[in-house]
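A.B. asks: mmCIF, C-alpha atoms, saved as protein.cif, coming up:
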```
data_upload
loop_
_atom_site.label_atom_id
_atom_site.label_comp_id
_atom_site.auth_asym_id
_atom_site.auth_seq_id
_atom_site.Cartn_x
_atom_site.Cartn_y
_atom_site.Cartn_z
CA MET A 1 5.66 18.12 72.27
CA ALA A 2 7.74 20.16 74.74
CA ASP A 3 11.51 19.72 74.88
CA SER A 4 13.07 18.44 78.10
CA ILE A 5 16.45 18.81 79.79
CA TRP A 6 18.11 15.82 81.41
CA ASN A 7 21.24 16.34 83.49
CA PRO A 8 22.33 12.90 84.77
CA TRP A 9 25.43 14.52 86.24
CA HIS A 10 26.44 18.08 87.02
CA GLY A 11 29.78 19.85 86.89
CA CYS A 12 32.62 19.87 84.40
CA LYS A 13 36.32 20.52 83.88
CA LYS A 14 37.22 23.43 81.62
CA TYR A 15 38.57 21.97 78.40
CA SER A 16 39.19 24.55 75.66
CA GLU A 17 38.91 28.22 74.74
CA GLY A 18 35.13 28.19 74.68
CA CYS A 19 35.04 27.19 78.36
CA GLU A 20 36.69 30.36 79.67
CA ASN A 21 33.42 32.04 80.67
CA CYS A 22 31.35 28.89 81.16
CA TYR A 23 27.77 29.67 82.19
CA VAL A 24 27.67 26.63 84.51
CA TYR A 25 30.67 27.95 86.44
CA ARG A 26 29.07 31.38 86.52
CA ARG A 27 25.75 30.12 87.84
CA ASP A 28 27.29 27.73 90.36
CA SER A 29 29.60 30.43 91.68
CA SER A 30 26.60 32.67 92.37
CA VAL A 31 25.25 30.07 94.82
CA GLY A 32 28.61 29.06 96.32
CA ARG A 33 28.94 25.82 94.39
CA ASP A 34 32.14 24.47 92.81
CA ALA A 35 31.29 23.62 89.19
CA SER A 36 34.52 21.64 88.76
CA ILE A 37 33.12 18.88 91.00
CA ILE A 38 31.31 16.28 88.87
CA GLU A 39 28.46 14.50 90.64
CA LYS A 40 25.50 12.33 89.71
CA THR A 41 22.18 14.08 90.08
CA SER A 42 18.84 12.96 91.47
CA ASN A 43 17.59 12.90 87.87
CA PHE A 44 20.13 10.33 86.74
CA ASN A 45 17.37 8.02 85.49
CA LEU A 46 14.82 10.70 84.52
CA PRO A 47 13.77 9.19 81.15
CA ILE A 48 12.60 5.99 82.82
CA LYS A 49 10.87 7.67 85.77
CA ARG A 50 7.12 7.21 85.73
CA LYS A 51 4.13 9.25 86.80
CA ARG A 52 1.45 8.01 89.15
CA ASP A 53 -0.62 6.79 86.23
CA GLY A 54 2.26 4.58 85.07
CA GLY A 55 3.25 6.65 82.07
CA PHE A 56 6.74 8.03 81.62
CA LYS A 57 7.44 11.53 82.92
CA ILE A 58 9.11 12.22 79.56
CA GLU A 59 6.53 11.44 76.94
CA SER A 60 7.11 9.57 73.71
CA GLY A 61 8.19 11.64 70.72
CA GLY A 62 9.84 14.43 72.66
CA THR A 63 13.37 15.79 72.41
CA VAL A 64 15.62 15.58 75.45
CA PHE A 65 18.73 17.75 75.70
CA CYS A 66 21.23 15.73 77.72
CA CYS A 67 24.06 16.95 79.97
CA MET A 68 23.48 20.68 79.63
CA THR A 69 25.38 21.40 82.85
CA SER A 70 28.33 19.14 82.03
CA ASP A 71 29.94 17.38 79.07
CA PHE A 72 28.65 13.94 78.16
CA PHE A 73 32.21 12.67 77.66
CA VAL A 74 33.83 14.23 80.72
CA GLU A 75 36.26 11.66 82.13
CA GLU A 76 34.82 11.71 85.62
CA ALA A 77 31.53 10.31 84.29
CA ASP A 78 33.06 7.25 82.60
CA GLU A 79 31.74 4.87 85.25
CA TRP A 80 28.16 6.13 84.84
CA ARG A 81 27.88 6.50 81.06
CA GLN A 82 27.07 2.89 80.20
CA ASP A 83 23.90 3.14 82.27
CA ILE A 84 22.93 6.26 80.33
CA TRP A 85 23.41 4.49 77.01
CA LYS A 86 21.08 1.73 78.21
CA ILE A 87 18.43 4.27 79.14
CA MET A 88 18.70 5.96 75.75
CA LYS A 89 18.37 2.64 73.96
CA PHE A 90 15.42 1.60 76.11
CA ARG A 91 13.67 4.93 75.40
CA SER A 92 14.02 4.58 71.63
CA ASP A 93 10.76 6.55 71.35
CA VAL A 94 12.53 9.69 72.60
CA ASN A 95 15.09 11.80 70.71
CA PHE A 96 18.21 12.58 72.73
CA PHE A 97 20.43 15.53 71.80
CA ILE A 98 23.95 15.67 73.23
CA ILE A 99 26.35 18.62 72.95
CA THR A 100 30.05 17.91 73.50
CA LYS A 101 33.48 19.45 73.12
CA ARG A 102 35.12 16.08 73.78
CA ILE A 103 34.26 14.31 70.54
CA VAL A 104 37.83 12.97 70.45
CA ARG A 105 36.78 10.57 73.24
CA PHE A 106 33.80 9.23 71.30
CA MET A 107 35.13 5.84 70.18
CA ASP A 108 36.42 5.08 73.69
CA CYS A 109 33.05 5.77 75.29
CA ILE A 110 30.37 4.17 73.10
CA PRO A 111 28.58 0.92 74.00
CA ASP A 112 29.36 -2.40 72.32
CA ASP A 113 26.08 -2.39 70.40
CA TRP A 114 26.42 1.16 69.06
CA GLY A 115 26.98 0.04 65.45
CA SER A 116 26.34 2.94 63.08
CA GLY A 117 24.70 4.88 65.91
CA TYR A 118 21.46 4.79 67.85
CA PRO A 119 18.92 6.42 65.52
CA ASN A 120 17.37 8.42 68.38
CA VAL A 121 20.66 10.02 69.52
CA SER A 122 22.00 13.21 67.92
CA PHE A 123 25.34 14.86 68.64
CA GLY A 124 26.17 18.54 68.39
CA VAL A 125 29.92 19.14 68.47
CA THR A 126 31.12 22.54 69.64
CA MET A 127 33.74 24.28 67.48
CA GLU A 128 34.34 27.74 68.87
CA ASN A 129 37.29 28.80 66.71
CA GLN A 130 39.44 27.63 63.80
CA ARG A 131 41.79 25.65 66.02
CA GLN A 132 39.03 23.56 67.55
CA CYS A 133 37.32 23.15 64.19
CA ASP A 134 40.51 21.67 62.73
CA ILE A 135 40.77 19.27 65.68
CA ARG A 136 37.15 18.22 66.09
CA PHE A 137 35.58 18.32 62.65
CA PRO A 138 37.73 15.52 61.17
CA VAL A 139 36.85 13.38 64.19
CA LEU A 140 33.15 14.15 63.84
CA ASN A 141 33.31 13.15 60.18
CA SER A 142 34.98 9.85 61.03
CA VAL A 143 32.74 8.55 63.82
CA PRO A 144 29.45 6.64 63.47
CA ILE A 145 26.64 8.97 64.53
CA ALA A 146 23.16 8.85 63.03
CA ARG A 147 22.50 12.59 63.33
CA LYS A 148 25.36 15.13 63.39
CA PHE A 149 25.27 18.86 64.14
CA VAL A 150 27.98 21.51 64.42
CA ILE A 151 27.68 24.21 67.10
CA CYS A 152 29.88 27.31 66.84
CA GLU A 153 28.93 28.79 70.20
CA PRO A 154 30.46 30.81 71.64
CA LEU A 155 31.84 31.87 68.27
CA LEU A 156 35.29 33.30 69.03
CA SER A 157 36.85 33.68 65.58
CA ASP A 158 36.20 33.39 61.89
CA ILE A 159 36.09 29.74 60.85
CA ASP A 160 36.73 28.15 57.47
CA MET A 161 35.05 24.74 57.65
CA SER A 162 34.39 24.38 53.95
CA LYS A 163 36.71 21.41 53.51
CA TYR A 164 34.96 19.54 56.32
CA LEU A 165 31.30 20.22 55.56
CA ASN A 166 29.46 17.32 53.99
CA PRO A 167 25.89 15.98 53.72
CA SER A 168 26.17 14.05 57.01
CA ILE A 169 26.04 17.40 58.86
CA LEU A 170 22.38 18.27 59.34
CA GLN A 171 22.84 21.83 60.58
CA VAL A 172 25.42 24.38 61.70
CA LEU A 173 24.35 26.55 64.64
CA VAL A 174 26.17 29.80 65.46
CA GLY A 175 25.95 32.05 68.51
CA GLY A 176 27.86 34.68 70.42
CA GLU A 177 28.92 34.59 74.07
CA SER A 178 26.81 35.90 76.93
CA GLY A 179 27.74 37.19 80.37
CA ASN A 180 29.60 40.17 81.79
CA PHE A 181 32.95 39.03 80.40
CA ALA A 182 31.70 37.96 76.98
CA ARG A 183 34.16 38.03 74.12
CA ILE A 184 33.25 39.74 70.86
CA CYS A 185 31.24 37.97 68.19
CA ASN A 186 31.72 39.49 64.74
CA TYR A 187 28.79 39.40 62.33
CA ASP A 188 31.23 38.92 59.44
CA TRP A 189 32.22 35.58 60.96
CA VAL A 190 28.57 34.57 61.21
CA LEU A 191 27.92 35.45 57.56
CA HIS A 192 31.05 33.64 56.41
CA ILE A 193 29.96 30.40 58.06
CA ARG A 194 26.46 30.88 56.65
CA GLN A 195 27.84 31.25 53.12
CA GLN A 196 29.84 28.03 53.49
CA CYS A 197 26.68 26.21 54.59
CA ILE A 198 24.71 27.57 51.63
CA GLU A 199 27.40 26.43 49.21
CA LYS A 200 27.27 22.92 50.69
CA GLY A 201 23.49 22.77 51.01
CA ILE A 202 23.55 22.53 54.80
CA LYS A 203 21.05 24.23 57.11
CA PHE A 204 22.30 27.24 59.08
CA TYR A 205 20.89 28.72 62.28
CA PHE A 206 21.95 31.98 63.95
CA LYS A 207 20.94 31.41 67.56
CA GLN A 208 22.06 34.53 69.43
CA THR A 209 24.24 37.61 69.05
CA GLY A 210 25.97 37.35 72.40
CA ALA A 211 26.54 40.29 74.71
CA ARG A 212 29.23 42.02 72.62
CA PHE A 213 28.38 42.01 68.95
CA ARG A 214 30.36 43.71 66.18
CA LYS A 215 28.56 44.60 62.97
CA ASP A 216 29.69 46.94 60.17
CA GLY A 217 32.61 48.07 62.31
CA LYS A 218 30.46 49.07 65.27
CA LEU A 219 30.48 47.24 68.62
CA TYR A 220 27.09 46.75 70.26
CA ALA A 221 26.37 45.85 73.89
CA ILE A 222 23.24 43.71 73.79
CA GLU A 223 21.24 42.81 76.87
CA ARG A 224 20.69 39.12 77.49
CA LYS A 225 16.94 39.36 76.91
CA TYR A 226 17.48 40.68 73.37
CA GLN A 227 20.30 38.43 72.17
CA HIS A 228 18.08 35.70 70.70
CA SER A 229 15.50 38.07 69.21
CA GLN A 230 18.17 40.23 67.56
CA ALA A 231 19.64 37.14 65.94
CA ARG A 232 16.20 36.17 64.61
CA LYS A 233 15.67 39.69 63.23
CA ALA A 234 18.77 39.26 61.07
CA GLY A 235 16.66 36.87 58.99
CA ILE A 236 19.60 34.74 57.85
CA ASN A 237 18.52 31.27 58.95
CA THR A 238 18.21 28.79 56.11
#
```
Could you quickly redo this structure as C-alpha cells?

C.D. replies:
Amino acid sequence: MADSIWNPWHGCKKYSEGCENCYVYRRDSSVGRDASIIEKTSNFNLPIKRKRDGGFKIESGGTVFCCMTSDFFVEEADEWRQDIWKIMKFRSDVNFFIITKRIVRFMDCIPDDWGSGYPNVSFGVTMENQRQCDIRFPVLNSVPIARKFVICEPLLSDIDMSKYLNPSILQVLVGGESGNFARICNYDWVLHIRQQCIEKGIKFYFKQTGARFRKDGKLYAIERKYQHSQARKAGINT
C-alpha cells in the first residue's frame, strides 16, 4: 500500500531553531510564494474524496503523512482543525502520521472525544537540539497519544534524551539538514542517540546525513541524491 501526503493547509510561521532553513520556505521562495501565509488547500478534504467508481481516492490500510508543508498545530489553522479531526476519525481505516514542533499546544487543540488518542493517528515530535528536547519531550510524555515518535531532524546538536525515553516511544528518527545553507550534522551525535535508544529498547532510524556531515573529524559535503543512501549504508538502524 503506497503512502500518501495530505496537506489540508499550506504555509507556516518559523517557530524554533530547526526552522531556520525550512524547506517549505526555500521551495516557495523559488516560485515567488510567501511561505509565511497560511492558507487552506484544494485538498483540504482529500481523505474523503472519492473516485468515479465510488471508492476513496486514499485506499483503506494506507499511511497518510499530514501537513508536510505546514505544522498541524500552527495557530492560524485553529479554525480548520476540528474538521480535520472529524475526517481522521471517519477514516479510521487509514493511518495518519503528523509531525509537529508545536506539541506544547496539543491539549488546547484536540477534539472533545479524543480520550486516550485516536488509534489511527500517530505523532512525530521534532526535537532538533537539547533545548527543544528538554521543552518538548516532557510534554510528549504527558499527553494522550496512541502512537508516539521522536524526530531529531534537522539534528543540530548532541542530545541526551535518556531520562525521557520510555516504552511509549515507538521510534526515534534522526537526520541531518539539507540545502545550500545546511548546518553540520555530526555522526557522533547520531551514534549517541542510537546508543540511548538501544539501552532503552527503542527502535532507531538514521534517515539522512544532511548536506554537511562530520564523521571522524572530517567534514563531508554530500549531494542531496546521496544523503538517504549514505545513511542507509551506515547500517545502524535497529

A.B. asks: In Å, with one decimal, what is the gap from atom CA of Trp9 of chain A to atom CA of Ala77 of chain A?

C.D. replies: 7.7 Å

A.B. asks: To one decimal place, how far is atom CA of Val190 of chain A from atom CA of Lys13 of chain A in Å?

C.D. replies: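 Atom CA of Lys13 of chain A lies at a distance of 27.8 Å from atom CA of Val190 of chain A.
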
A.B. asks: Could you give me, as JSON, numbers by chain, the residues within 8 Å of Asn141 of chain A, counting all atoms listed in the file and dropping anything in the same chain fewer than 4 positions from it?

C.D. replies: {"A": [137, 164, 168]}

A.B. asks: Just the number, please: distance in Å from atom CA of Cys133 of chain A to atom CA of Trp189 of chain A, one decimal.

C.D. replies: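 Atom-to-atom, atom CA of Cys133 of chain A and atom CA of Trp189 of chain A are spaced 13.8 Å apart.
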
A.B. asks: I'd like to know which of A:Thr63, A:Asn21, A:Gln171, A:Gln230 is closest to Val121 of chain A, using all atoms listed in the file.

C.D. replies: A:Thr63

A.B. asks: Just want the 7 Å neighbourhood of segment 122-128 of chain A, counted on only C-alpha atoms, with same-chain residues fewer than 3 positions away dropped. Output as a count of residues only.

C.D. replies: 21

A.B. asks: Considering all atoms listed in the file, can you say which of A:His192, A:Arg33, A:Lys163, A:Lys233 comes closest to Gln208 of chain A?

C.D. replies: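 Of A:His192, A:Arg33, A:Lys163, A:Lys233, the one nearest Gln208 of chain A, counting all atoms listed in the file, is A:Lys233.
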
A.B. asks: Using all atoms listed in the file, which of A:Asp53, A:Glu20, A:Glu76, A:Asp34 sits nearest Ser178 of chain A?

C.D. replies: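 So, comparing all the options, the nearest one is A:Glu20.
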
A.B. asks: Excluding segment 193-201 of chain A and its own-chain neighbours fewer than 6 positions away, which residues fall within 7 Å of it when counting all atoms listed in the file? Please give them as an NGL selection string.

C.D. replies: :A and (159 or 162 or 165-166)

A.B. asks: Could you check which of A:Ser30, A:Asn7, A:Ser16, A:Asn95 is closest to Ile135 of chain A, using only C-alpha atoms?

C.D. replies: A:Ser16

A.B. asks: I'd like the contact shell of Cys185 of chain A - 12 Å cut-off, all atoms listed in the file, skipping same-chain residues fewer than 2 positions apart - returned as a VMD selection string.

C.D. replies: chain A and resid 128 to 129 152 to 158 174 to 178 182 to 183 187 to 191 206 208 to 215 217 to 222 227 231

A.B. asks: Working from the structure I just supplied, which lacks atoms in segment 27-38 of chain A, can you model all heavy atoms there and output them as a PDB file, keeping the file's coordinate frame?

C.D. replies:
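The file below, result_28.pdb, is the result:
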```
ATOM      1  N   ARG A  27      26.958  30.339  87.035  1.00  0.00           N
ATOM      2  CA  ARG A  27      25.750  30.120  87.840  1.00  0.00           C
ATOM      3  C   ARG A  27      26.077  29.438  89.161  1.00  0.00           C
ATOM      4  O   ARG A  27      25.547  29.806  90.212  1.00  0.00           O
ATOM      5  CB  ARG A  27      24.751  29.282  87.046  1.00  0.00           C
ATOM      6  CG  ARG A  27      24.145  30.002  85.858  1.00  0.00           C
ATOM      7  CD  ARG A  27      23.202  29.087  85.093  1.00  0.00           C
ATOM      8  NE  ARG A  27      22.639  29.744  83.920  1.00  0.00           N
ATOM      9  CZ  ARG A  27      21.851  29.142  83.042  1.00  0.00           C
ATOM     10  NH1 ARG A  27      21.530  27.870  83.210  1.00  0.00           N
ATOM     11  NH2 ARG A  27      21.381  29.805  82.002  1.00  0.00           N
ATOM     12  N   ASP A  28      26.935  28.434  89.124  1.00  0.00           N
ATOM     13  CA  ASP A  28      27.290  27.730  90.360  1.00  0.00           C
ATOM     14  C   ASP A  28      27.989  28.649  91.339  1.00  0.00           C
ATOM     15  O   ASP A  28      27.753  28.591  92.555  1.00  0.00           O
ATOM     16  CB  ASP A  28      28.170  26.519  90.045  1.00  0.00           C
ATOM     17  CG  ASP A  28      27.369  25.318  89.575  1.00  0.00           C
ATOM     18  OD1 ASP A  28      26.159  25.469  89.318  1.00  0.00           O
ATOM     19  OD2 ASP A  28      27.948  24.220  89.464  1.00  0.00           O
ATOM     20  N   SER A  29      28.867  29.498  90.818  1.00  0.00           N
ATOM     21  CA  SER A  29      29.600  30.430  91.680  1.00  0.00           C
ATOM     22  C   SER A  29      28.643  31.366  92.416  1.00  0.00           C
ATOM     23  O   SER A  29      28.879  31.727  93.579  1.00  0.00           O
ATOM     24  CB  SER A  29      30.595  31.236  90.852  1.00  0.00           C
ATOM     25  OG  SER A  29      31.269  32.184  91.643  1.00  0.00           O
ATOM     26  N   SER A  30      27.557  31.737  91.765  1.00  0.00           N
ATOM     27  CA  SER A  30      26.600  32.670  92.370  1.00  0.00           C
ATOM     28  C   SER A  30      25.879  32.076  93.571  1.00  0.00           C
ATOM     29  O   SER A  30      25.318  32.798  94.381  1.00  0.00           O
ATOM     30  CB  SER A  30      25.580  33.126  91.329  1.00  0.00           C
ATOM     31  OG  SER A  30      24.711  32.061  90.956  1.00  0.00           O
ATOM     32  N   VAL A  31      25.900  30.728  93.676  1.00  0.00           N
ATOM     33  CA  VAL A  31      25.250  30.070  94.820  1.00  0.00           C
ATOM     34  C   VAL A  31      26.272  29.323  95.684  1.00  0.00           C
ATOM     35  O   VAL A  31      25.915  28.462  96.485  1.00  0.00           O
ATOM     36  CB  VAL A  31      24.142  29.103  94.338  1.00  0.00           C
ATOM     37  CG1 VAL A  31      23.024  29.878  93.679  1.00  0.00           C
ATOM     38  CG2 VAL A  31      24.691  28.027  93.411  1.00  0.00           C
ATOM     39  N   GLY A  32      27.566  29.648  95.493  1.00  0.00           N
ATOM     40  CA  GLY A  32      28.610  29.060  96.320  1.00  0.00           C
ATOM     41  C   GLY A  32      28.927  27.627  96.011  1.00  0.00           C
ATOM     42  O   GLY A  32      29.412  26.893  96.884  1.00  0.00           O
ATOM     43  N   ARG A  33      28.701  27.207  94.788  1.00  0.00           N
ATOM     44  CA  ARG A  33      28.940  25.820  94.390  1.00  0.00           C
ATOM     45  C   ARG A  33      30.167  25.733  93.499  1.00  0.00           C
ATOM     46  O   ARG A  33      30.427  26.634  92.694  1.00  0.00           O
ATOM     47  CB  ARG A  33      27.724  25.264  93.654  1.00  0.00           C
ATOM     48  CG  ARG A  33      27.803  23.789  93.294  1.00  0.00           C
ATOM     49  CD  ARG A  33      26.464  23.313  92.745  1.00  0.00           C
ATOM     50  NE  ARG A  33      26.475  21.889  92.443  1.00  0.00           N
ATOM     51  CZ  ARG A  33      25.410  21.201  92.026  1.00  0.00           C
ATOM     52  NH1 ARG A  33      24.250  21.821  91.865  1.00  0.00           N
ATOM     53  NH2 ARG A  33      25.496  19.903  91.773  1.00  0.00           N
ATOM     54  N   ASP A  34      30.939  24.683  93.618  1.00  0.00           N
ATOM     55  CA  ASP A  34      32.140  24.470  92.810  1.00  0.00           C
ATOM     56  C   ASP A  34      31.762  23.646  91.586  1.00  0.00           C
ATOM     57  O   ASP A  34      31.510  22.443  91.678  1.00  0.00           O
ATOM     58  CB  ASP A  34      33.204  23.748  93.636  1.00  0.00           C
ATOM     59  CG  ASP A  34      34.525  23.597  92.890  1.00  0.00           C
ATOM     60  OD1 ASP A  34      34.572  23.922  91.681  1.00  0.00           O
ATOM     61  OD2 ASP A  34      35.499  23.139  93.513  1.00  0.00           O
ATOM     62  N   ALA A  35      31.725  24.285  90.419  1.00  0.00           N
ATOM     63  CA  ALA A  35      31.290  23.620  89.190  1.00  0.00           C
ATOM     64  C   ALA A  35      32.306  22.609  88.664  1.00  0.00           C
ATOM     65  O   ALA A  35      31.990  21.833  87.756  1.00  0.00           O
ATOM     66  CB  ALA A  35      30.985  24.649  88.117  1.00  0.00           C
ATOM     67  N   SER A  36      33.511  22.599  89.219  1.00  0.00           N
ATOM     68  CA  SER A  36      34.520  21.640  88.760  1.00  0.00           C
ATOM     69  C   SER A  36      34.333  20.264  89.406  1.00  0.00           C
ATOM     70  O   SER A  36      35.014  19.307  89.039  1.00  0.00           O
ATOM     71  CB  SER A  36      35.924  22.158  89.042  1.00  0.00           C
ATOM     72  OG  SER A  36      36.185  22.179  90.442  1.00  0.00           O
ATOM     73  N   ILE A  37      33.421  20.162  90.365  1.00  0.00           N
ATOM     74  CA  ILE A  37      33.120  18.880  91.000  1.00  0.00           C
ATOM     75  C   ILE A  37      31.999  18.205  90.217  1.00  0.00           C
ATOM     76  O   ILE A  37      30.908  18.750  90.071  1.00  0.00           O
ATOM     77  CB  ILE A  37      32.706  19.077  92.467  1.00  0.00           C
ATOM     78  CG1 ILE A  37      33.857  19.713  93.260  1.00  0.00           C
ATOM     79  CG2 ILE A  37      32.286  17.759  93.092  1.00  0.00           C
ATOM     80  CD1 ILE A  37      33.493  20.069  94.693  1.00  0.00           C
ATOM     81  N   ILE A  38      32.282  17.010  89.687  1.00  0.00           N
ATOM     82  CA  ILE A  38      31.310  16.280  88.870  1.00  0.00           C
ATOM     83  C   ILE A  38      30.594  15.260  89.732  1.00  0.00           C
ATOM     84  O   ILE A  38      31.230  14.404  90.352  1.00  0.00           O
ATOM     85  CB  ILE A  38      31.984  15.597  87.667  1.00  0.00           C
ATOM     86  CG1 ILE A  38      32.551  16.634  86.690  1.00  0.00           C
ATOM     87  CG2 ILE A  38      30.994  14.704  86.922  1.00  0.00           C
ATOM     88  CD1 ILE A  38      33.958  17.037  86.928  1.00  0.00           C
TER      89      ILE A  38
END
```
